[in-house]
file data.pdb (PDB, C-alpha atoms, pLDDT in the B column)
MODEL        1
ATOM      1  CA  GLY A   1       0.000   0.000   0.000  1.00 62.00           C
ATOM      2  CA  ALA A   2       0.895   3.668  -0.190  1.00 69.00           C
ATOM      3  CA  VAL A   3       3.538   4.706   2.319  1.00 86.00           C
ATOM      4  CA  VAL A   4       4.143   8.138   3.757  1.00 91.00           C
ATOM      5  CA  SER A   5       7.323   8.711   5.705  1.00 93.00           C
ATOM      6  CA  GLN A   6       7.547  11.506   8.239  1.00 94.00           C
ATOM      7  CA  HIS A   7      10.777  12.576   9.895  1.00 95.00           C
ATOM      8  CA  PRO A   8      11.759  13.138  12.629  1.00 95.00           C
ATOM      9  CA  SER A   9       9.389  11.192  14.851  1.00 93.00           C
ATOM     10  CA  TRP A  10      10.338  13.051  18.026  1.00 94.00           C
ATOM     11  CA  VAL A  11      11.902  16.447  18.624  1.00 95.00           C
ATOM     12  CA  ILE A  12      12.806  18.091  21.912  1.00 95.00           C
ATOM     13  CA  CYS A  13      14.315  21.543  21.675  1.00 93.00           C
ATOM     14  CA  LYS A  14      14.661  24.873  23.413  1.00 95.00           C
ATOM     15  CA  SER A  15      12.238  27.734  23.017  1.00 95.00           C
ATOM     16  CA  GLY A  16      13.143  29.963  20.086  1.00 95.00           C
ATOM     17  CA  THR A  17      14.466  27.138  17.931  1.00 94.00           C
ATOM     18  CA  SER A  18      13.114  26.522  14.442  1.00 96.00           C
ATOM     19  CA  VAL A  19      12.160  22.935  13.675  1.00 96.00           C
ATOM     20  CA  LYS A  20      11.748  21.374  10.243  1.00 97.00           C
ATOM     21  CA  ILE A  21       9.557  18.304   9.692  1.00 97.00           C
ATOM     22  CA  GLU A  22       9.725  16.346   6.450  1.00 96.00           C
ATOM     23  CA  CYS A  23       6.921  14.390   4.829  1.00 95.00           C
ATOM     24  CA  ARG A  24       7.662  12.070   1.918  1.00 94.00           C
ATOM     25  CA  SER A  25       5.444   9.870  -0.201  1.00 91.00           C
ATOM     26  CA  LEU A  26       7.604   6.827  -0.842  1.00 91.00           C
ATOM     27  CA  ASP A  27       5.839   4.912  -3.582  1.00 86.00           C
ATOM     28  CA  PHE A  28       3.433   7.354  -5.155  1.00 86.00           C
ATOM     29  CA  GLN A  29       3.270  10.927  -6.368  1.00 86.00           C
ATOM     30  CA  ALA A  30       1.314  13.328  -4.230  1.00 85.00           C
ATOM     31  CA  THR A  31       0.181  16.582  -5.759  1.00 81.00           C
ATOM     32  CA  THR A  32      -1.477  17.437  -2.469  1.00 87.00           C
ATOM     33  CA  MET A  33      -0.146  16.999   1.042  1.00 91.00           C
ATOM     34  CA  PHE A  34      -1.841  17.981   4.285  1.00 93.00           C
ATOM     35  CA  TRP A  35      -0.485  19.026   7.658  1.00 95.00           C
ATOM     36  CA  TYR A  36      -2.461  18.279  10.793  1.00 94.00           C
ATOM     37  CA  ARG A  37      -1.997  18.967  14.450  1.00 93.00           C
ATOM     38  CA  GLN A  38      -3.414  16.839  17.225  1.00 89.00           C
ATOM     39  CA  PHE A  39      -3.748  17.825  20.866  1.00 82.00           C
ATOM     40  CA  PRO A  40      -4.212  15.105  23.495  1.00 77.00           C
ATOM     41  CA  LYS A  41      -7.604  13.419  23.319  1.00 74.00           C
ATOM     42  CA  GLN A  42      -8.697  15.677  20.505  1.00 78.00           C
ATOM     43  CA  SER A  43      -9.308  15.259  16.812  1.00 82.00           C
ATOM     44  CA  LEU A  44      -6.848  15.908  14.032  1.00 87.00           C
ATOM     45  CA  MET A  45      -7.071  19.561  13.098  1.00 89.00           C
ATOM     46  CA  LEU A  46      -6.076  20.540   9.591  1.00 90.00           C
ATOM     47  CA  MET A  47      -3.458  23.275   9.582  1.00 93.00           C
ATOM     48  CA  ALA A  48      -2.751  23.687   5.896  1.00 93.00           C
ATOM     49  CA  THR A  49      -3.009  22.097   2.482  1.00 91.00           C
ATOM     50  CA  SER A  50       0.152  21.967   0.437  1.00 88.00           C
ATOM     51  CA  ASN A  51       0.091  21.767  -3.338  1.00 84.00           C
ATOM     52  CA  GLU A  52       3.214  20.989  -5.318  1.00 81.00           C
ATOM     53  CA  GLY A  53       4.687  24.071  -6.915  1.00 79.00           C
ATOM     54  CA  SER A  54       2.322  26.569  -5.332  1.00 82.00           C
ATOM     55  CA  LYS A  55       1.722  28.319  -2.031  1.00 86.00           C
ATOM     56  CA  ALA A  56       0.092  26.415   0.767  1.00 90.00           C
ATOM     57  CA  THR A  57      -3.469  27.146   1.817  1.00 91.00           C
ATOM     58  CA  TYR A  58      -3.720  27.754   5.538  1.00 93.00           C
ATOM     59  CA  GLU A  59      -6.757  27.150   7.710  1.00 90.00           C
ATOM     60  CA  GLN A  60      -8.236  29.980   9.670  1.00 89.00           C
ATOM     61  CA  GLY A  61      -6.258  30.783  12.783  1.00 90.00           C
ATOM     62  CA  VAL A  62      -3.021  29.182  11.581  1.00 93.00           C
ATOM     63  CA  GLU A  63      -0.160  31.657  11.284  1.00 93.00           C
ATOM     64  CA  LYS A  64       1.519  31.209   7.923  1.00 92.00           C
ATOM     65  CA  ASP A  65       4.647  33.020   9.084  1.00 93.00           C
ATOM     66  CA  LYS A  66       4.868  30.697  12.049  1.00 95.00           C
ATOM     67  CA  PHE A  67       4.309  27.461  10.168  1.00 96.00           C
ATOM     68  CA  LEU A  68       6.206  27.598   6.887  1.00 95.00           C
ATOM     69  CA  ILE A  69       5.255  24.965   4.348  1.00 93.00           C
ATOM     70  CA  ASN A  70       7.204  24.060   1.259  1.00 90.00           C
ATOM     71  CA  HIS A  71       6.080  21.463  -1.286  1.00 87.00           C
ATOM     72  CA  ALA A  72       9.017  21.420  -3.659  1.00 81.00           C
ATOM     73  CA  SER A  73       8.348  18.129  -5.404  1.00 87.00           C
ATOM     74  CA  LEU A  74       5.634  15.530  -5.913  1.00 87.00           C
ATOM     75  CA  THR A  75       7.082  13.430  -3.110  1.00 91.00           C
ATOM     76  CA  LEU A  76       8.221  15.925  -0.482  1.00 92.00           C
ATOM     77  CA  SER A  77       6.607  18.564   1.682  1.00 93.00           C
ATOM     78  CA  THR A  78       8.210  20.247   4.684  1.00 95.00           C
ATOM     79  CA  LEU A  79       6.728  22.070   7.656  1.00 96.00           C
ATOM     80  CA  THR A  80       9.003  24.467   9.528  1.00 96.00           C
ATOM     81  CA  VAL A  81       7.878  25.679  12.928  1.00 96.00           C
ATOM     82  CA  THR A  82       9.724  28.951  13.259  1.00 96.00           C
ATOM     83  CA  SER A  83      10.871  30.269  16.643  1.00 95.00           C
ATOM     84  CA  ALA A  84       8.991  27.514  18.423  1.00 94.00           C
ATOM     85  CA  HIS A  85       7.546  28.154  21.881  1.00 94.00           C
ATOM     86  CA  PRO A  86       6.098  25.773  24.480  1.00 94.00           C
ATOM     87  CA  GLU A  87       2.561  26.347  23.213  1.00 93.00           C
ATOM     88  CA  ASP A  88       3.665  24.884  19.865  1.00 94.00           C
ATOM     89  CA  SER A  89       4.303  21.548  21.554  1.00 94.00           C
ATOM     90  CA  SER A  90       1.992  19.056  19.917  1.00 93.00           C
ATOM     91  CA  PHE A  91       1.738  16.021  17.659  1.00 92.00           C
ATOM     92  CA  TYR A  92       2.085  17.017  14.012  1.00 95.00           C
ATOM     93  CA  ILE A  93       0.956  14.616  11.286  1.00 94.00           C
ATOM     94  CA  CYS A  94       1.261  14.895   7.552  1.00 95.00           C
ATOM     95  CA  SER A  95      -0.735  13.081   4.935  1.00 93.00           C
ATOM     96  CA  ALA A  96      -0.573  12.748   1.196  1.00 90.00           C
ATOM     97  CA  ARG A  97      -3.114  11.967  -1.443  1.00 84.00           C
ATOM     98  CA  GLU A  98      -2.231  10.187  -4.657  1.00 77.00           C
ATOM     99  CA  ALA A  99      -2.365  12.285  -7.774  1.00 64.00           C
ATOM    100  CA  LEU A 100      -5.173  10.167  -9.206  1.00 60.00           C
ATOM    101  CA  GLY A 101      -8.004  12.207  -7.773  1.00 59.00           C
ATOM    102  CA  GLN A 102      -9.901  13.564  -4.848  1.00 60.00           C
ATOM    103  CA  ARG A 103     -11.566  10.244  -4.007  1.00 68.00           C
ATOM    104  CA  GLN A 104      -8.254   8.623  -3.184  1.00 72.00           C
ATOM    105  CA  PRO A 105      -7.857   8.221   0.574  1.00 79.00           C
ATOM    106  CA  GLN A 106      -5.211  10.232   2.327  1.00 84.00           C
ATOM    107  CA  HIS A 107      -2.278   8.231   3.632  1.00 88.00           C
ATOM    108  CA  PHE A 108      -0.701   9.431   6.833  1.00 91.00           C
ATOM    109  CA  GLY A 109       2.807   9.574   8.172  1.00 92.00           C
ATOM    110  CA  ASP A 110       3.539   8.358  11.667  1.00 90.00           C
ATOM    111  CA  GLY A 111       3.604  11.865  13.072  1.00 92.00           C
ATOM    112  CA  THR A 112       6.159  14.029  14.849  1.00 94.00           C
ATOM    113  CA  ARG A 113       5.988  14.641  18.562  1.00 93.00           C
ATOM    114  CA  LEU A 114       7.308  18.162  19.130  1.00 95.00           C
ATOM    115  CA  SER A 115       8.224  19.195  22.659  1.00 94.00           C
ATOM    116  CA  ILE A 116       9.461  22.734  23.244  1.00 94.00           C
ATOM    117  CA  LEU A 117      11.174  23.368  26.565  1.00 93.00           C
TER     118      LEU A 117
ATOM    119  CA  ASP B   1     -17.855  23.691  15.146  1.00 67.00           C
ATOM    120  CA  GLN B   2     -17.414  19.919  15.079  1.00 79.00           C
ATOM    121  CA  GLN B   3     -18.970  18.730  11.831  1.00 90.00           C
ATOM    122  CA  VAL B   4     -18.081  15.107  12.465  1.00 93.00           C
ATOM    123  CA  LYS B   5     -18.831  13.668  15.874  1.00 93.00           C
ATOM    124  CA  GLN B   6     -17.983  10.457  17.602  1.00 94.00           C
ATOM    125  CA  ASN B   7     -19.936  10.569  20.821  1.00 92.00           C
ATOM    126  CA  SER B   8     -18.424   7.482  22.403  1.00 94.00           C
ATOM    127  CA  PRO B   9     -14.840   8.139  23.480  1.00 92.00           C
ATOM    128  CA  SER B  10     -14.288   4.489  24.299  1.00 95.00           C
ATOM    129  CA  LEU B  11     -15.690   1.018  23.696  1.00 97.00           C
ATOM    130  CA  SER B  12     -14.779  -2.368  25.159  1.00 97.00           C
ATOM    131  CA  VAL B  13     -15.708  -5.595  23.414  1.00 98.00           C
ATOM    132  CA  GLN B  14     -14.968  -9.245  24.081  1.00 97.00           C
ATOM    133  CA  GLU B  15     -12.786 -11.027  21.539  1.00 97.00           C
ATOM    134  CA  GLY B  16     -14.880 -12.726  18.868  1.00 97.00           C
ATOM    135  CA  ARG B  17     -17.863 -10.432  19.331  1.00 97.00           C
ATOM    136  CA  ILE B  18     -18.937  -7.563  17.116  1.00 98.00           C
ATOM    137  CA  SER B  19     -17.568  -4.045  17.578  1.00 98.00           C
ATOM    138  CA  ILE B  20     -19.809  -1.204  16.422  1.00 98.00           C
ATOM    139  CA  LEU B  21     -18.326   2.242  16.192  1.00 98.00           C
ATOM    140  CA  ASN B  22     -20.631   5.153  15.489  1.00 98.00           C
ATOM    141  CA  CYS B  23     -20.202   8.506  13.833  1.00 97.00           C
ATOM    142  CA  ASP B  24     -22.594  11.394  13.174  1.00 97.00           C
ATOM    143  CA  TYR B  25     -22.149  14.362  10.886  1.00 97.00           C
ATOM    144  CA  THR B  26     -23.921  17.641  10.361  1.00 95.00           C
ATOM    145  CA  ASN B  27     -22.891  18.748   6.878  1.00 93.00           C
ATOM    146  CA  SER B  28     -25.303  17.403   4.269  1.00 93.00           C
ATOM    147  CA  MET B  29     -22.766  18.203   1.550  1.00 93.00           C
ATOM    148  CA  PHE B  30     -20.417  15.454   2.715  1.00 94.00           C
ATOM    149  CA  ASP B  31     -20.298  12.789   0.016  1.00 92.00           C
ATOM    150  CA  TYR B  32     -17.350  10.613   0.964  1.00 93.00           C
ATOM    151  CA  PHE B  33     -16.681   9.001   4.306  1.00 95.00           C
ATOM    152  CA  LEU B  34     -13.658   7.164   5.648  1.00 95.00           C
ATOM    153  CA  TRP B  35     -12.583   5.255   8.731  1.00 96.00           C
ATOM    154  CA  TYR B  36      -9.029   5.373  10.020  1.00 94.00           C
ATOM    155  CA  LYS B  37      -7.343   3.334  12.725  1.00 95.00           C
ATOM    156  CA  LYS B  38      -4.627   4.853  14.872  1.00 90.00           C
ATOM    157  CA  TYR B  39      -2.135   3.339  17.261  1.00 88.00           C
ATOM    158  CA  PRO B  40      -0.328   5.528  19.832  1.00 82.00           C
ATOM    159  CA  ALA B  41       2.536   7.604  18.410  1.00 77.00           C
ATOM    160  CA  GLU B  42       1.649   6.567  14.855  1.00 82.00           C
ATOM    161  CA  GLY B  43      -0.268   8.220  12.078  1.00 85.00           C
ATOM    162  CA  PRO B  44      -3.779   7.051  11.164  1.00 89.00           C
ATOM    163  CA  THR B  45      -4.075   4.097   8.816  1.00 90.00           C
ATOM    164  CA  PHE B  46      -6.826   4.037   6.232  1.00 90.00           C
ATOM    165  CA  LEU B  47      -9.317   1.222   6.823  1.00 94.00           C
ATOM    166  CA  ILE B  48     -12.379   1.546   4.653  1.00 95.00           C
ATOM    167  CA  SER B  49     -14.419   4.185   2.869  1.00 94.00           C
ATOM    168  CA  ILE B  50     -17.890   4.675   1.460  1.00 95.00           C
ATOM    169  CA  SER B  51     -19.360   7.009  -1.100  1.00 94.00           C
ATOM    170  CA  SER B  52     -22.679   8.704  -0.443  1.00 94.00           C
ATOM    171  CA  ILE B  53     -24.241   6.811  -3.339  1.00 94.00           C
ATOM    172  CA  LYS B  54     -23.910   3.594  -1.337  1.00 95.00           C
ATOM    173  CA  ASP B  55     -25.275   2.531   2.016  1.00 96.00           C
ATOM    174  CA  LYS B  56     -22.883  -0.319   2.705  1.00 97.00           C
ATOM    175  CA  ASN B  57     -19.311  -1.264   1.934  1.00 97.00           C
ATOM    176  CA  GLU B  58     -17.645  -4.421   3.134  1.00 97.00           C
ATOM    177  CA  ASP B  59     -13.988  -5.407   3.289  1.00 96.00           C
ATOM    178  CA  GLY B  60     -13.221  -8.600   5.141  1.00 97.00           C
ATOM    179  CA  ARG B  61     -14.082  -8.188   8.812  1.00 97.00           C
ATOM    180  CA  PHE B  62     -14.890  -4.513   8.345  1.00 97.00           C
ATOM    181  CA  THR B  63     -18.217  -3.156   7.132  1.00 98.00           C
ATOM    182  CA  VAL B  64     -19.231   0.478   6.981  1.00 98.00           C
ATOM    183  CA  PHE B  65     -22.904   1.457   6.916  1.00 98.00           C
ATOM    184  CA  LEU B  66     -24.149   4.862   5.859  1.00 97.00           C
ATOM    185  CA  ASN B  67     -27.563   6.291   6.704  1.00 97.00           C
ATOM    186  CA  LYS B  68     -27.764   9.576   4.848  1.00 95.00           C
ATOM    187  CA  SER B  69     -31.175  10.577   6.148  1.00 96.00           C
ATOM    188  CA  ALA B  70     -29.914  10.259   9.706  1.00 97.00           C
ATOM    189  CA  LYS B  71     -26.460  11.636   8.839  1.00 97.00           C
ATOM    190  CA  HIS B  72     -24.981   8.648  10.562  1.00 97.00           C
ATOM    191  CA  LEU B  73     -22.377   6.075   9.708  1.00 97.00           C
ATOM    192  CA  SER B  74     -21.051   3.110  11.584  1.00 98.00           C
ATOM    193  CA  LEU B  75     -18.143   0.722  11.379  1.00 98.00           C
ATOM    194  CA  HIS B  76     -18.731  -2.928  12.227  1.00 98.00           C
ATOM    195  CA  ILE B  77     -15.835  -5.207  13.026  1.00 98.00           C
ATOM    196  CA  VAL B  78     -16.649  -8.883  13.287  1.00 97.00           C
ATOM    197  CA  PRO B  79     -15.190 -10.940  14.765  1.00 97.00           C
ATOM    198  CA  SER B  80     -13.236  -8.501  16.904  1.00 98.00           C
ATOM    199  CA  GLN B  81      -9.612  -9.381  17.618  1.00 97.00           C
ATOM    200  CA  PRO B  82      -7.199  -8.049  20.265  1.00 96.00           C
ATOM    201  CA  GLY B  83      -5.105  -6.512  17.484  1.00 95.00           C
ATOM    202  CA  ASP B  84      -8.060  -4.312  16.610  1.00 97.00           C
ATOM    203  CA  SER B  85      -7.528  -2.380  19.839  1.00 97.00           C
ATOM    204  CA  ALA B  86      -6.760   1.183  18.734  1.00 96.00           C
ATOM    205  CA  VAL B  87      -8.370   4.574  18.296  1.00 94.00           C
ATOM    206  CA  TYR B  88     -10.760   4.759  15.359  1.00 96.00           C
ATOM    207  CA  PHE B  89     -11.463   8.036  13.591  1.00 95.00           C
ATOM    208  CA  CYS B  90     -14.236   8.643  11.140  1.00 96.00           C
ATOM    209  CA  ALA B  91     -13.717  11.352   8.554  1.00 94.00           C
ATOM    210  CA  ALA B  92     -15.843  13.020   5.917  1.00 94.00           C
ATOM    211  CA  LYS B  93     -15.375  15.313   2.967  1.00 90.00           C
ATOM    212  CA  ALA B  94     -17.439  17.200   0.429  1.00 88.00           C
ATOM    213  CA  GLY B  95     -16.149  16.993  -3.118  1.00 80.00           C
ATOM    214  CA  ALA B  96     -12.589  18.214  -3.404  1.00 73.00           C
ATOM    215  CA  ASN B  97     -12.657  19.827   0.000  1.00 73.00           C
ATOM    216  CA  ASN B  98     -10.618  18.764   2.969  1.00 80.00           C
ATOM    217  CA  LEU B  99     -11.293  15.936   5.361  1.00 85.00           C
ATOM    218  CA  PHE B 100     -13.046  16.608   8.630  1.00 89.00           C
ATOM    219  CA  PHE B 101     -12.228  14.189  11.417  1.00 91.00           C
ATOM    220  CA  GLY B 102     -14.197  13.054  14.415  1.00 92.00           C
ATOM    221  CA  THR B 103     -12.619  13.014  17.869  1.00 89.00           C
ATOM    222  CA  GLY B 104     -12.034   9.280  17.812  1.00 92.00           C
ATOM    223  CA  THR B 105     -13.251   6.226  19.720  1.00 96.00           C
ATOM    224  CA  ARG B 106     -10.813   4.071  21.630  1.00 95.00           C
ATOM    225  CA  LEU B 107     -11.663   0.410  21.046  1.00 97.00           C
ATOM    226  CA  THR B 108     -10.395  -2.190  23.475  1.00 97.00           C
ATOM    227  CA  VAL B 109     -10.871  -5.825  22.520  1.00 97.00           C
ATOM    228  CA  ILE B 110     -10.607  -8.031  25.567  1.00 97.00           C
ATOM    229  CA  PRO B 111      -9.037 -11.473  25.010  1.00 94.00           C
TER     230      PRO B 111
ENDMDL
END
call {"tool": "encode", "arguments": {"input": "data.pdb", "output": "structure tokens"}}
result
Amino acid sequence: GAVVSQHPSWVICKSGTSVKIECRSLDFQATTMFWYRQFPKQSLMLMATSNEGSKATYEQGVEKDKFLINHASLTLSTLTVTSAHPEDSSFYICSAREALGQRQPQHFGDGTRLSIL
Amino acid sequence: DQQVKQNSPSLSVQEGRISILNCDYTNSMFDYFLWYKKYPAEGPTFLISISSIKDKNEDGRFTVFLNKSAKHLSLHIVPSQPGDSAVYFCAAKAGANNLFFGTGTRLTVIP
């Protein structure tokens, strides 16, 4: 089946550090990738939709200057949390949808646990 | 505004019995529904989906039922196995729009 690789799986860093998370589709091309955030015992909340070769579309309330998204190729999207603070600590998950169409299910990475001290 | 709701945060079922996970939605424009399974510290794994033109889709031990008039869908797992213990999310979308997820139901299958 389709595999999405997300790296790193766990990050612990000091406040003020910028953190980059990579999301790769390993065996399919993904024109669209999604970035989610999950707080404990809550649902996955969509942060932004990333389309290859164009600017990401951010959901309401998500700071685009805080969460920089780059989708440089059909297999790679990156999320950079700039100047991270403790309130940015969360579980971040990416997903990718195959280029075949909107009815293809999204395939998820294993997530990144970000802890800001 | 939670457009997809899973009102049962947890469910315990004996091994071999049927597990029924429920999901309600409010947006009548949703036309595609999915169930995902999630283990701790991992991303969700796609399980099964259903289009709004159907009312049932079956894949092995997993069956999803859709009741459009009630805006309700359910996932049936039979027979339940200990390895099915996980958090199950239902999700819905309208056309090309993004997925909306429920808050999840933690299923525990007791050996």
call {"tool": "closest_residue", "arguments": {"input": "data.pdb", "among": "B:Ser85, B:Ser51, B:Thr63, B:Ser12", "to": "chain A", "atoms": "only C-alpha atoms"}}
result
B:Ser51
call {"tool": "atom_distance", "arguments": {"input": "data.pdb", "atom1": "CA of Phe100 (chain B)", "atom2": "CA of Tyr32 (chain B)"}}
result
10.6 Å
call {"tool": "residues_around", "arguments": {"input": "data.pdb", "residues": "His71 (chain A)", "least_positions_apart": "2", "cutoff": "10 Å", "atoms": "only C-alpha atoms", "output": "compact mmCIF listing (two decimals) with C-alpha atoms, in the frame of the given file"}}
result
# COMPACT_ATOMS: atom_id res chain seq x y z
CA GLU A 22 9.72 16.35 6.45
CA CYS A 23 6.92 14.39 4.83
CA ALA A 30 1.31 13.33 -4.23
CA THR A 31 0.18 16.58 -5.76
CA THR A 32 -1.48 17.44 -2.47
CA MET A 33 -0.15 17.00 1.04
CA THR A 49 -3.01 22.10 2.48
CA SER A 50 0.15 21.97 0.44
CA ASN A 51 0.09 21.77 -3.34
CA GLU A 52 3.21 20.99 -5.32
CA GLY A 53 4.69 24.07 -6.92
CA SER A 54 2.32 26.57 -5.33
CA LYS A 55 1.72 28.32 -2.03
CA ALA A 56 0.09 26.42 0.77
CA ILE A 69 5.26 24.96 4.35
CA SER A 73 8.35 18.13 -5.40
CA LEU A 74 5.63 15.53 -5.91
CA THR A 75 7.08 13.43 -3.11
CA LEU A 76 8.22 15.92 -0.48
CA SER A 77 6.61 18.56 1.68
CA THR A 78 8.21 20.25 4.68
CA LEU A 79 6.73 22.07 7.66
call {"tool": "interface_residues", "arguments": {"input": "data.pdb", "of": "chain A", "to": "chain B", "cutoff": "6 Å", "atoms": "only C-alpha atoms", "output": "list in words"}}
result
Gln42, Ser43, Gln102, Phe108, Gly109, Asp110 and Gly111 of chain A
call {"tool": "resolve_selection", "arguments": {"input": "data.pdb", "expression": "the PyMOL selection byres ((chain A and resi 27) around 10)", "output": "NGL selection string"}}
result
:A and (1-4 or 24-26 or 28-30 or 75 or 98)
call {"tool": "resolve_selection", "arguments": {"input": "data.pdb", "expression": "the PyMOL selection byres ((chain B and resi 78) around 10)", "output": "list in words"}}
result
Glu15, Gly16, Arg17, Ile18, Ser19, Ile20, Gly60, Arg61, Phe62, Thr63, Leu75, His76, Ile77, Pro79, Ser80 and Gln81 of chain B
call {"tool": "atom_distance", "arguments": {"input": "data.pdb", "atom1": "CA of Asn67 (chain B)", "atom2": "CA of Pro105 (chain A)"}}
result
20.7 Å
call {"tool": "resolve_selection", "arguments": {"input": "data.pdb", "expression": "the PyMOL selection byres ((chain A and resi 12) around 10)", "output": "compact mmCIF listing (two decimals) with C-alpha atoms, in the frame of the given file"}}
result
# COMPACT_ATOMS: atom_id res chain seq x y z
CA TRP A 10 10.34 13.05 18.03
CA VAL A 11 11.90 16.45 18.62
CA CYS A 13 14.32 21.54 21.68
CA LYS A 14 14.66 24.87 23.41
CA SER A 15 12.24 27.73 23.02
CA VAL A 19 12.16 22.94 13.68
CA SER A 89 4.30 21.55 21.55
CA ARG A 113 5.99 14.64 18.56
CA LEU A 114 7.31 18.16 19.13
CA SER A 115 8.22 19.20 22.66
CA ILE A 116 9.46 22.73 23.24
CA LEU A 117 11.17 23.37 26.56
call {"tool": "atom_distance", "arguments": {"input": "data.pdb", "atom1": "CA of Lys37 (chain B)", "atom2": "CA of Ala86 (chain B)"}}
result
6.4 Å
call {"tool": "closest_residue", "arguments": {"input": "data.pdb", "among": "A:Arg37, A:His107, A:Arg97, A:Lys20", "to": "Thr82 (chain A)", "atoms": "only C-alpha atoms"}}
result
A:Lys20
call {"tool": "residues_around", "arguments": {"input": "data.pdb", "residues": "Phe34 (chain A)", "least_positions_apart": "6", "cutoff": "8 Å", "atoms": "only C-alpha atoms", "output": "JSON, numbers by chain"}}
result
{"A": [46, 47, 48, 49, 50, 94, 95, 96]}
call {"tool": "write_last_selection", "arguments": {"input": "data.pdb", "atoms": "C-alpha atoms", "output": "PDB file, in the frame of the given file"}}
result
ATOM      1  CA  LEU A  46      -6.076  20.540   9.591  1.00 90.00           C
ATOM      2  CA  MET A  47      -3.458  23.275   9.582  1.00 93.00           C
ATOM      3  CA  ALA A  48      -2.751  23.687   5.896  1.00 93.00           C
ATOM      4  CA  THR A  49      -3.009  22.097   2.482  1.00 91.00           C
ATOM      5  CA  SER A  50       0.152  21.967   0.437  1.00 88.00           C
ATOM      6  CA  CYS A  94       1.261  14.895   7.552  1.00 95.00           C
ATOM      7  CA  SER A  95      -0.735  13.081   4.935  1.00 93.00           C
ATOM      8  CA  ALA A  96      -0.573  12.748   1.196  1.00 90.00           C
TER       9      ALA A  96
END
call {"tool": "residues_around", "arguments": {"input": "data.pdb", "residues": "Val13 (chain B)", "least_positions_apart": "6", "cutoff": "7 Å", "atoms": "only C-alpha atoms", "output": "ChimeraX atom specification"}}
result
/B:19,108-110
